[in-house]
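*Asks:* Okay, so here is work08.cif, and as you'll see once you scroll down, it has mmCIF, C-alpha atoms.
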data_final
#
loop_
_atom_site.label_atom_id
_atom_site.label_comp_id
_atom_site.auth_asym_id
_atom_site.auth_seq_id
_atom_site.Cartn_x
_atom_site.Cartn_y
_atom_site.Cartn_z
CA MET A 82 7.70 3.78 27.17
CA THR A 83 6.75 7.20 25.81
CA ASP A 84 4.69 7.67 22.66
CA ILE A 85 7.69 9.06 20.74
CA ARG A 86 9.80 6.02 21.71
CA ARG A 87 7.05 3.70 20.48
CA TRP A 88 6.83 5.64 17.22
CA THR A 89 10.62 5.55 16.75
CA ARG A 90 10.79 1.83 17.44
CA GLU A 91 8.07 1.15 14.88
CA ALA A 92 9.75 3.46 12.35
CA VAL A 93 13.06 1.59 12.67
CA ARG A 94 11.22 -1.72 12.30
CA ILE A 95 9.54 -0.52 9.09
CA ILE A 96 12.86 0.54 7.55
CA GLU A 97 14.60 -2.67 8.56
CA ALA A 98 11.75 -4.76 7.16
CA ASP A 99 12.00 -2.87 3.88
CA PHE A 100 15.75 -3.61 3.78
CA GLN A 101 15.17 -7.34 4.30
CA ARG A 102 12.79 -7.39 1.32
CA SER A 103 15.58 -6.15 -0.97
CA ALA A 104 18.33 -8.36 -2.39
CA ASP A 105 21.86 -7.02 -2.80
CA THR A 106 22.78 -5.14 -5.95
CA HIS A 107 24.52 -6.85 -8.86
CA LEU A 108 28.21 -6.78 -9.73
CA ILE A 109 28.52 -6.51 -13.51
CA PRO A 110 31.78 -7.37 -15.32
CA LEU A 111 32.84 -5.24 -18.29
CA ALA A 112 35.49 -6.81 -20.51
CA LEU A 113 38.56 -4.69 -21.29
CA PRO A 114 40.13 -6.40 -24.32
CA GLY A 115 42.59 -3.55 -24.79
CA LEU A 116 43.83 -3.73 -21.20
CA PRO A 117 44.85 -7.37 -20.70
CA GLY A 118 45.20 -8.64 -17.17
CA VAL A 119 42.74 -6.12 -15.72
CA GLU A 120 39.15 -7.08 -14.92
CA LEU A 121 36.60 -4.30 -14.44
CA TYR A 122 33.34 -4.56 -12.50
CA PHE A 123 30.44 -2.16 -11.98
CA LYS A 124 28.49 -2.31 -8.73
CA ASP A 125 24.99 -1.72 -10.13
CA GLU A 126 23.28 0.55 -7.62
CA SER A 127 20.51 1.37 -10.08
CA SER A 128 18.77 -1.86 -9.01
CA HIS A 129 17.74 -0.44 -5.62
CA PRO A 130 13.99 0.19 -5.18
CA THR A 131 14.49 3.91 -5.85
CA GLY A 132 16.98 3.35 -8.66
CA SER A 133 20.28 4.74 -7.39
CA LEU A 134 23.23 4.53 -5.03
CA LYS A 135 21.49 7.14 -2.86
CA HIS A 136 19.01 4.52 -1.63
CA ARG A 137 21.73 3.21 0.71
CA LEU A 138 22.46 6.73 1.94
CA ALA A 139 18.81 7.63 2.48
CA ARG A 140 18.22 4.49 4.55
CA SER A 141 21.27 5.25 6.69
CA LEU A 142 20.27 8.89 7.14
CA PHE A 143 16.76 7.99 8.26
CA LEU A 144 18.01 5.41 10.76
CA TYR A 145 20.62 7.86 12.04
CA ALA A 146 18.05 10.63 12.46
CA LEU A 147 15.54 8.31 14.13
CA CYS A 148 18.05 6.93 16.61
CA ASN A 149 19.25 10.46 17.42
CA GLY A 150 15.68 11.51 18.18
CA TRP A 151 15.55 14.07 15.36
CA LEU A 152 12.41 12.84 13.57
CA LYS A 153 8.93 13.31 14.98
CA PRO A 154 5.50 12.06 13.86
CA GLY A 155 3.96 14.46 11.35
CA ALA A 156 6.99 16.79 11.19
CA PRO A 157 8.37 17.33 7.69
CA VAL A 158 11.72 16.03 6.48
CA ILE A 159 13.73 18.45 4.31
CA GLU A 160 16.72 17.62 2.12
CA ALA A 161 19.04 19.56 -0.19
CA SER A 162 19.61 17.42 -3.25
CA SER A 163 20.11 17.44 -7.02
CA GLY A 164 17.52 14.71 -7.24
CA SER A 165 18.57 11.14 -6.50
CA THR A 166 18.92 11.49 -2.72
CA ALA A 167 15.63 13.35 -2.64
CA ILE A 168 13.92 10.54 -4.55
CA SER A 169 15.21 7.95 -2.10
CA GLU A 170 14.39 10.05 0.97
CA ALA A 171 10.87 10.67 -0.37
CA TYR A 172 10.49 6.89 -0.54
CA PHE A 173 11.49 6.41 3.11
CA ALA A 174 9.44 9.39 4.27
CA ARG A 175 6.39 7.81 2.62
CA LEU A 176 7.13 4.52 4.40
CA LEU A 177 6.96 6.38 7.72
CA GLY A 178 4.05 8.65 6.79
CA LEU A 179 6.15 11.82 7.03
CA PRO A 180 5.85 14.90 4.79
CA PHE A 181 8.92 15.41 2.60
CA ILE A 182 10.28 18.54 0.92
CA ALA A 183 13.19 18.37 -1.54
CA VAL A 184 15.18 21.57 -2.07
CA VAL A 185 16.65 21.13 -5.56
CA PRO A 186 18.36 23.23 -8.23
CA ALA A 187 15.86 24.53 -10.78
CA SER A 188 17.93 22.81 -13.49
CA THR A 189 17.26 19.32 -12.06
CA ALA A 190 16.03 16.83 -14.66
CA ARG A 191 12.23 16.81 -14.94
CA GLU A 192 12.20 13.03 -14.67
CA LYS A 193 13.74 13.28 -11.19
CA LEU A 194 11.17 15.83 -10.06
CA ALA A 195 8.43 13.49 -11.25
CA GLN A 196 9.87 10.62 -9.22
CA ILE A 197 10.00 12.75 -6.07
CA ALA A 198 6.34 13.56 -6.61
CA PHE A 199 5.56 9.87 -7.26
CA TYR A 200 6.72 9.06 -3.73
CA GLY A 201 4.63 11.86 -2.29
CA GLY A 202 7.35 14.47 -1.91
CA GLN A 203 7.19 18.18 -2.66
CA THR A 204 9.92 20.08 -4.50
CA HIS A 205 11.22 23.54 -3.68
CA LEU A 206 13.18 24.82 -6.69
CA VAL A 207 16.17 27.13 -6.21
CA ASP A 208 17.61 29.10 -9.13
CA ASP A 209 21.09 29.32 -7.60
CA PRO A 210 22.32 25.73 -6.96
CA THR A 211 24.91 26.97 -4.48
CA ARG A 212 22.11 28.05 -2.10
CA ILE A 213 20.17 24.82 -1.65
CA HIS A 214 21.75 24.25 1.79
CA GLU A 215 20.74 27.67 3.10
CA GLU A 216 17.20 27.27 1.75
CA SER A 217 16.89 23.88 3.43
CA VAL A 218 17.96 25.31 6.78
CA ARG A 219 15.39 28.09 6.42
CA LEU A 220 12.55 25.71 5.49
CA ALA A 221 13.34 23.38 8.39
CA ARG A 222 13.38 26.28 10.84
CA GLU A 223 10.12 27.76 9.59
CA SER A 224 8.24 24.45 9.32
CA GLY A 225 9.48 22.87 12.53
CA GLY A 226 10.82 19.98 10.47
CA HIS A 227 14.21 18.27 10.28
CA PHE A 228 16.88 19.04 7.68
CA MET A 229 18.58 15.71 6.91
CA ASP A 230 21.72 17.44 5.55
CA GLN A 231 23.23 14.58 3.58
CA PHE A 232 26.40 16.54 2.89
CA THR A 233 27.24 16.74 6.60
CA TYR A 234 26.01 13.38 7.84
CA ALA A 235 26.72 10.97 4.95
CA GLU A 236 30.07 9.76 6.31
CA ARG A 237 28.88 9.34 9.89
CA ALA A 238 25.41 7.90 9.26
CA THR A 239 26.83 4.91 7.34
CA ASP A 240 28.29 2.04 9.34
CA TRP A 241 31.58 1.78 7.43
CA ARG A 242 32.86 -1.26 9.36
CA ALA A 243 30.13 -3.65 8.17
CA ASN A 244 26.30 -3.89 8.20
CA ASN A 245 26.21 -4.55 4.44
CA ASN A 246 27.63 -1.21 3.45
CA ILE A 247 28.69 -0.89 -0.18
CA ALA A 248 32.34 -1.75 0.55
CA GLU A 249 31.52 -4.92 2.48
CA SER A 250 29.08 -5.92 -0.26
CA ILE A 251 31.72 -5.47 -2.98
CA PHE A 252 34.30 -7.62 -1.17
CA GLN A 253 31.74 -10.34 -0.43
CA GLN A 254 30.72 -10.49 -4.09
CA MET A 255 34.32 -10.50 -5.31
CA ARG A 256 35.30 -13.57 -3.24
CA HIS A 257 35.10 -16.06 -6.13
CA GLU A 258 36.48 -13.82 -8.87
CA ARG A 259 39.92 -14.27 -10.42
CA PHE A 260 41.27 -11.29 -8.48
CA PRO A 261 39.11 -11.19 -5.32
CA GLU A 262 40.89 -8.25 -3.67
CA PRO A 263 40.42 -5.24 -5.98
CA SER A 264 43.52 -3.26 -6.85
CA TRP A 265 41.36 -0.13 -7.07
CA LEU A 266 37.94 1.04 -5.94
CA VAL A 267 36.74 4.04 -7.93
CA SER A 268 33.93 6.45 -7.06
CA SER A 269 32.85 9.95 -7.93
CA PRO A 270 32.02 12.24 -4.98
CA GLY A 271 28.60 13.72 -4.28
CA THR A 272 28.55 14.09 -0.52
CA GLY A 273 31.87 12.29 -0.24
CA GLY A 274 30.24 9.66 1.97
CA THR A 275 30.71 6.69 -0.36
CA LEU A 276 34.42 7.44 -0.74
CA ALA A 277 34.71 7.77 3.05
CA THR A 278 33.11 4.35 3.47
CA LEU A 279 35.35 2.73 0.86
CA GLY A 280 38.53 4.31 2.22
CA ARG A 281 37.80 3.50 5.84
CA TYR A 282 36.69 -0.06 5.12
CA VAL A 283 39.83 -1.10 3.21
CA ARG A 284 41.97 0.24 6.04
CA TYR A 285 39.84 -1.45 8.71
CA ARG A 286 39.97 -4.80 6.88
CA GLN A 287 43.68 -4.35 6.09
CA HIS A 288 43.25 -4.62 2.33
CA ALA A 289 45.92 -3.37 -0.06
CA THR A 290 43.15 -1.90 -2.25
CA ARG A 291 43.60 1.73 -3.30
CA VAL A 292 40.74 4.24 -3.56
CA LEU A 293 40.37 6.72 -6.41
CA CYS A 294 38.12 9.80 -6.35
CA ALA A 295 36.92 10.73 -9.87
CA ASP A 296 35.67 14.31 -9.49
CA ALA A 297 33.47 16.29 -11.87
CA GLU A 298 34.65 19.31 -13.86
CA ARG A 299 32.71 21.97 -11.94
CA SER A 300 33.54 20.79 -8.43
CA VAL A 301 36.01 21.68 -5.68
CA PHE A 302 36.93 18.25 -4.32
CA PHE A 303 39.92 17.68 -6.65
CA ASP A 304 41.43 21.10 -5.98
CA SER A 305 40.84 20.79 -2.25
CA TYR A 306 42.59 17.42 -2.22
CA LEU A 307 45.65 18.90 -3.92
CA SER A 308 45.81 22.11 -1.88
CA GLY A 309 44.47 20.94 1.46
CA ASP A 310 42.18 23.98 1.46
CA ARG A 311 38.66 23.08 2.64
CA SER A 312 37.41 26.65 2.21
CA LEU A 313 37.36 26.50 -1.60
CA THR A 314 34.07 27.41 -3.28
CA LEU A 315 32.60 27.82 -6.76
CA ASP A 316 29.81 30.13 -7.87
CA CYS A 317 28.15 27.44 -10.01
CA GLY A 318 26.85 23.91 -9.68
CA SER A 319 27.98 20.73 -11.38
CA ARG A 320 26.59 19.79 -14.79
CA ILE A 321 26.90 16.10 -13.89
CA GLU A 322 23.87 15.59 -11.68
CA GLY A 323 24.48 13.84 -8.37
CA ILE A 324 28.22 14.46 -8.16
CA GLY A 325 30.51 17.46 -7.82
CA ARG A 326 29.97 20.23 -5.30
CA PRO A 327 30.61 24.00 -5.20
CA ARG A 328 32.02 23.69 -1.67
CA VAL A 329 33.98 21.08 0.26
CA GLU A 330 31.37 19.12 2.18
CA PRO A 331 31.99 17.85 5.73
CA SER A 332 31.65 14.22 4.55
CA PHE A 333 34.60 14.50 2.15
CA MET A 334 37.63 12.78 3.74
CA PRO A 335 40.71 13.27 1.52
CA GLN A 336 42.95 11.49 4.03
CA VAL A 337 41.41 8.09 3.14
CA LEU A 338 41.99 8.51 -0.61
CA ASP A 339 44.98 7.27 -2.60
CA ALA A 340 44.42 9.18 -5.84
CA VAL A 341 42.15 11.76 -7.47
CA CYS A 342 41.33 12.88 -11.00
CA LYS A 343 39.15 15.60 -12.49
CA VAL A 344 37.02 14.41 -15.42
CA PRO A 345 35.79 16.97 -17.98
CA ASP A 346 32.01 16.92 -18.37
CA ALA A 347 32.18 16.10 -22.08
CA LEU A 348 34.36 13.06 -21.36
CA SER A 349 31.96 11.91 -18.62
CA LEU A 350 29.06 12.13 -21.07
CA ALA A 351 31.00 10.35 -23.80
CA ALA A 352 31.93 7.53 -21.41
CA MET A 353 28.29 7.35 -20.31
CA HIS A 354 27.13 6.85 -23.92
CA TYR A 355 29.82 4.25 -24.55
CA LEU A 356 28.91 2.34 -21.37
CA ALA A 357 25.21 2.46 -22.24
CA ARG A 358 26.04 0.92 -25.62
CA ARG A 359 28.13 -1.84 -24.02
CA LEU A 360 25.49 -2.68 -21.40
CA ASN A 361 22.56 -2.22 -23.82
CA ARG A 362 20.79 0.08 -21.36
CA ARG A 363 21.00 3.69 -20.31
CA VAL A 364 23.11 4.75 -17.36
CA GLY A 365 23.63 8.10 -15.65
CA ALA A 366 26.47 10.51 -16.37
CA SER A 367 28.18 9.88 -13.02
CA SER A 368 28.69 6.29 -14.18
CA GLY A 369 30.56 7.75 -17.16
CA THR A 370 32.77 9.72 -14.76
CA ASN A 371 33.44 6.50 -12.85
CA LEU A 372 34.30 4.62 -16.04
CA VAL A 373 36.91 7.25 -16.93
CA GLY A 374 38.46 6.96 -13.47
CA ALA A 375 38.45 3.16 -13.68
CA LEU A 376 40.14 3.23 -17.09
CA LEU A 377 42.86 5.56 -15.79
CA ALA A 378 43.54 3.10 -12.95
CA ALA A 379 43.46 0.13 -15.33
CA ARG A 380 45.91 1.77 -17.76
CA GLN A 381 48.28 2.54 -14.90
CA MET A 382 48.18 -1.12 -13.88
CA VAL A 383 48.93 -2.32 -17.42
CA GLU A 384 51.80 0.15 -17.81
CA ALA A 385 53.24 -1.08 -14.49
CA GLY A 386 52.91 -4.73 -15.56
CA GLU A 387 50.26 -5.42 -12.91
CA SER A 388 47.25 -7.72 -13.13
CA GLY A 389 44.16 -7.39 -10.96
CA SER A 390 40.63 -6.08 -10.65
CA VAL A 391 39.05 -2.63 -10.57
CA VAL A 392 35.58 -2.05 -9.12
CA THR A 393 33.55 1.09 -9.67
CA ILE A 394 29.91 2.12 -9.33
CA LEU A 395 26.97 2.34 -11.70
CA CYS A 396 25.25 5.05 -9.71
CA ASP A 397 21.84 5.28 -11.39
CA GLY A 398 19.92 4.52 -14.56
CA GLY A 399 19.73 6.83 -17.54
CA GLU A 400 15.95 6.97 -17.78
CA ARG A 401 16.10 10.04 -15.55
CA TYR A 402 18.08 11.92 -18.21
CA ALA A 403 16.03 11.24 -21.34
CA THR A 404 15.47 14.96 -21.92
CA SER A 405 19.06 15.98 -21.17
CA TYR A 406 22.10 13.70 -21.47
CA TYR A 407 20.35 11.38 -23.95
CA CYS A 408 18.67 14.12 -25.97
CA GLU A 409 20.56 15.14 -29.13
CA ALA A 410 18.93 18.59 -29.17
CA TRP A 411 19.92 19.24 -25.57
CA LEU A 412 23.50 18.13 -26.16
CA ALA A 413 23.76 20.41 -29.22
CA GLU A 414 22.28 23.32 -27.28
CA GLN A 415 24.95 22.82 -24.58
CA GLY A 416 27.69 22.74 -27.20
CA TYR A 417 28.68 19.09 -26.74
CA GLU A 418 30.14 17.15 -29.67
CA LEU A 419 30.59 13.72 -28.17
CA ALA A 420 31.34 11.42 -31.13
CA PRO A 421 35.16 11.92 -31.14
CA LEU A 422 35.33 11.41 -27.38
CA ILE A 423 33.16 8.30 -27.53
CA ASP A 424 35.65 6.92 -30.05
CA ARG A 425 38.53 7.71 -27.67
CA VAL A 426 36.82 5.84 -24.82
CA ALA A 427 36.11 2.89 -27.12
CA ALA A 428 39.72 2.84 -28.29
CA CYS A 429 40.95 2.79 -24.69
CA VAL A 430 38.71 -0.11 -23.73
CA GLU A 431 39.08 -2.13 -26.90
CA GLN A 432 42.62 -1.36 -28.12
CA GLY A 433 44.32 0.07 -25.04
CA GLY A 434 44.51 3.59 -26.48
CA ALA A 435 45.16 6.63 -24.31
CA LEU A 436 42.36 8.77 -22.96
CA PRO A 437 42.54 12.56 -23.29
CA ASP A 438 44.98 13.95 -20.74
CA ILE A 439 43.13 15.10 -17.62
CA PRO A 440 44.23 16.48 -14.23
CA ARG A 441 45.17 13.74 -11.82
CA SER A 442 47.25 12.97 -8.75
CA GLY A 443 48.39 9.56 -7.51
CA LEU A 444 47.90 7.97 -10.95
#
Is it possible to express this structure as structure tokens?
*Replies:*
Amino acid sequence: MTDIRRWTREAVRIIEADFQRSADTHLIPLALPGLPGVELYFKDESSHPTGSLKHRLARSLFLYALCNGWLKPGAPVIEASSGSTAISEAYFARLLGLPFIAVVPASTAREKLAQIAFYGGQTHLVDDPTRIHEESVRLARESGGHFMDQFTYAERATDWRANNNIAESIFQQMRHERFPEPSWLVSSPGTGGTLATLGRYVRYRQHATRVLCADAERSVFFDSYLSGDRSLTLDCGSRIEGIGRPRVEPSFMPQVLDAVCKVPDALSLAAMHYLARRLNRRVGASSGTNLVGALLAARQMVEAGESGSVVTILCDGGERYATSYYCEAWLAEQGYELAPLIDRVAACVEQGGALPDIPRSGL
């Protein structure tokens, strides 16, 4: 056996051992008194060792790269990320003793940059968030390292049939609930990989469950879904960190989705603050986006006289956004007045009131 094969075998062992030390993430119910007959659950991905849904993706990407022979001892790993994937990949790079460089938008929350550094990673800041992919390619070429490229490989690196992916985990945990087969699974898209896993899994397991993509305001996924045009681009990045993209990423698979909606940033932030109040802990803004999507699905079910369950994702904790989404001065500087929208979200959950009208299809 060659030295590189021995190193790869040991690297895979280290990652698998780390996985076995971690329990599965929690499924948290959130009562909807205003929407009787519908039970809502949040899959709490913030309880991973690196604090977000991206921990699953990073583990899959490292195993995929190792088994494809793309990683080498001492060669740097490079990733384009708004923060959470970079944090998780820095963690796995440290496990394997590999240098790690995160190419991130300059606007990324300082708390995320600090976590990347905590795990031994370096950050390469890019003023234009639409160019983090190109910068990552350049750094990998010049350093002799490997560009992980989460946006291309997310859907193929994850074993969507089983192997404790997020979909399998959700269905296993729902077995003893009142409505064990969810009527809807709801997720916001970053790479698109989680939605691809959810959509493929329900088809593979022959579930009747529908899948809803809750897109961010400054993102092209919603418009691409409606038009079928994968060449769409924006000249700006998303204000909801971790989700929304200025281009249609290869991992986005619209053909496995049943519905989409486009959530305004202010409504995502309002839903985030409401959810934090209900859970008595801070959550990230993408969890607010997911809550809005879940409420749209739940309201449709009530209006159709249906009962059942809706499962969505609590993507990360809110500690990473103390100086942005949870900072009153920052919110005022950005022009956000969230109180009326928080009241609208509360009224929907607690009295069944309507949310602000937002673009949607399939709902």
*Asks:* Starting from the displayed file, determine the output of the PyMOL selection byres ((chain A and resi 206) around 10) and express the residue list as a list in words.
*Replies:*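 Taken on the displayed file, the PyMOL selection byres ((chain A and resi 206) around 10) yields the residues Ala183, Val184, Val185, Pro186, Ala187, Ser188, Thr189, Leu194, Gln203, Thr204, His205, Val207, Asp208, Asp209, Pro210, Ile213 and Glu216 of chain A.
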*Asks:* Taking the file as shown, what set of residues would the PyMOL selection byres ((chain A and resi 133-141) around 10) give back, as a PDB file with C-alpha atoms, in the frame of the given file?
*Replies:*
ATOM      1  CA  ILE A  96      12.860   0.540   7.550  1.00  0.00           C
ATOM      2  CA  GLU A  97      14.600  -2.670   8.560  1.00  0.00           C
ATOM      3  CA  ASP A  99      12.000  -2.870   3.880  1.00  0.00           C
ATOM      4  CA  PHE A 100      15.750  -3.610   3.780  1.00  0.00           C
ATOM      5  CA  THR A 106      22.780  -5.140  -5.950  1.00  0.00           C
ATOM      6  CA  LYS A 124      28.490  -2.310  -8.730  1.00  0.00           C
ATOM      7  CA  ASP A 125      24.990  -1.720 -10.130  1.00  0.00           C
ATOM      8  CA  GLU A 126      23.280   0.550  -7.620  1.00  0.00           C
ATOM      9  CA  SER A 127      20.510   1.370 -10.080  1.00  0.00           C
ATOM     10  CA  SER A 128      18.770  -1.860  -9.010  1.00  0.00           C
ATOM     11  CA  HIS A 129      17.740  -0.440  -5.620  1.00  0.00           C
ATOM     12  CA  PRO A 130      13.990   0.190  -5.180  1.00  0.00           C
ATOM     13  CA  THR A 131      14.490   3.910  -5.850  1.00  0.00           C
ATOM     14  CA  GLY A 132      16.980   3.350  -8.660  1.00  0.00           C
ATOM     15  CA  LEU A 142      20.270   8.890   7.140  1.00  0.00           C
ATOM     16  CA  PHE A 143      16.760   7.990   8.260  1.00  0.00           C
ATOM     17  CA  LEU A 144      18.010   5.410  10.760  1.00  0.00           C
ATOM     18  CA  TYR A 145      20.620   7.860  12.040  1.00  0.00           C
ATOM     19  CA  ALA A 146      18.050  10.630  12.460  1.00  0.00           C
ATOM     20  CA  LEU A 147      15.540   8.310  14.130  1.00  0.00           C
ATOM     21  CA  GLY A 164      17.520  14.710  -7.240  1.00  0.00           C
ATOM     22  CA  SER A 165      18.570  11.140  -6.500  1.00  0.00           C
ATOM     23  CA  THR A 166      18.920  11.490  -2.720  1.00  0.00           C
ATOM     24  CA  ALA A 167      15.630  13.350  -2.640  1.00  0.00           C
ATOM     25  CA  ILE A 168      13.920  10.540  -4.550  1.00  0.00           C
ATOM     26  CA  SER A 169      15.210   7.950  -2.100  1.00  0.00           C
ATOM     27  CA  GLU A 170      14.390  10.050   0.970  1.00  0.00           C
ATOM     28  CA  ALA A 171      10.870  10.670  -0.370  1.00  0.00           C
ATOM     29  CA  TYR A 172      10.490   6.890  -0.540  1.00  0.00           C
ATOM     30  CA  PHE A 173      11.490   6.410   3.110  1.00  0.00           C
ATOM     31  CA  ALA A 174       9.440   9.390   4.270  1.00  0.00           C
ATOM     32  CA  MET A 229      18.580  15.710   6.910  1.00  0.00           C
ATOM     33  CA  GLN A 231      23.230  14.580   3.580  1.00  0.00           C
ATOM     34  CA  TYR A 234      26.010  13.380   7.840  1.00  0.00           C
ATOM     35  CA  ALA A 235      26.720  10.970   4.950  1.00  0.00           C
ATOM     36  CA  GLU A 236      30.070   9.760   6.310  1.00  0.00           C
ATOM     37  CA  ARG A 237      28.880   9.340   9.890  1.00  0.00           C
ATOM     38  CA  ALA A 238      25.410   7.900   9.260  1.00  0.00           C
ATOM     39  CA  THR A 239      26.830   4.910   7.340  1.00  0.00           C
ATOM     40  CA  ASP A 240      28.290   2.040   9.340  1.00  0.00           C
ATOM     41  CA  ASN A 245      26.210  -4.550   4.440  1.00  0.00           C
ATOM     42  CA  ASN A 246      27.630  -1.210   3.450  1.00  0.00           C
ATOM     43  CA  ILE A 247      28.690  -0.890  -0.180  1.00  0.00           C
ATOM     44  CA  GLY A 271      28.600  13.720  -4.280  1.00  0.00           C
ATOM     45  CA  THR A 272      28.550  14.090  -0.520  1.00  0.00           C
ATOM     46  CA  GLY A 274      30.240   9.660   1.970  1.00  0.00           C
ATOM     47  CA  THR A 275      30.710   6.690  -0.360  1.00  0.00           C
ATOM     48  CA  GLY A 323      24.480  13.840  -8.370  1.00  0.00           C
ATOM     49  CA  GLY A 365      23.630   8.100 -15.650  1.00  0.00           C
ATOM     50  CA  ILE A 394      29.910   2.120  -9.330  1.00  0.00           C
ATOM     51  CA  LEU A 395      26.970   2.340 -11.700  1.00  0.00           C
ATOM     52  CA  CYS A 396      25.250   5.050  -9.710  1.00  0.00           C
ATOM     53  CA  ASP A 397      21.840   5.280 -11.390  1.00  0.00           C
ATOM     54  CA  GLY A 398      19.920   4.520 -14.560  1.00  0.00           C
TER      55      GLY A 398
END
*Asks:* Near segment 291-303 of chain A, counting all atoms listed in the file, which residues have an atom at most 7 Å away, once you skip same-chain residues fewer than 2 positions from it, shown as a PyMOL selection string?
*Replies:* chain A and resi 264-270+280+289+305-307+313-314+318-319+321+324-329+338-346+370-371+374
*Asks:* Ranking A:Asp310, A:Pro117, A:Gly150, A:Leu177 by minimum distance to Arg94 of chain A and counting all atoms listed in the file, which one comes first?
*Replies:* A:Leu177
*Asks:* Excluding Tyr285 of chain A and any residue of its chain fewer than 3 positions from it, enumerate the residues within 9 Å of it, using all atoms listed in the file, and give them as a PDB file with C-alpha atoms, keeping the file's coordinate frame.
*Replies:*
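Wrote it out as part21.pdb, contents follow:
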ATOM      1  CA  TRP A 241      31.580   1.780   7.430  1.00  0.00           C
ATOM      2  CA  ARG A 242      32.860  -1.260   9.360  1.00  0.00           C
ATOM      3  CA  GLY A 280      38.530   4.310   2.220  1.00  0.00           C
ATOM      4  CA  ARG A 281      37.800   3.500   5.840  1.00  0.00           C
ATOM      5  CA  TYR A 282      36.690  -0.060   5.120  1.00  0.00           C
ATOM      6  CA  HIS A 288      43.250  -4.620   2.330  1.00  0.00           C
TER       7      HIS A 288
END
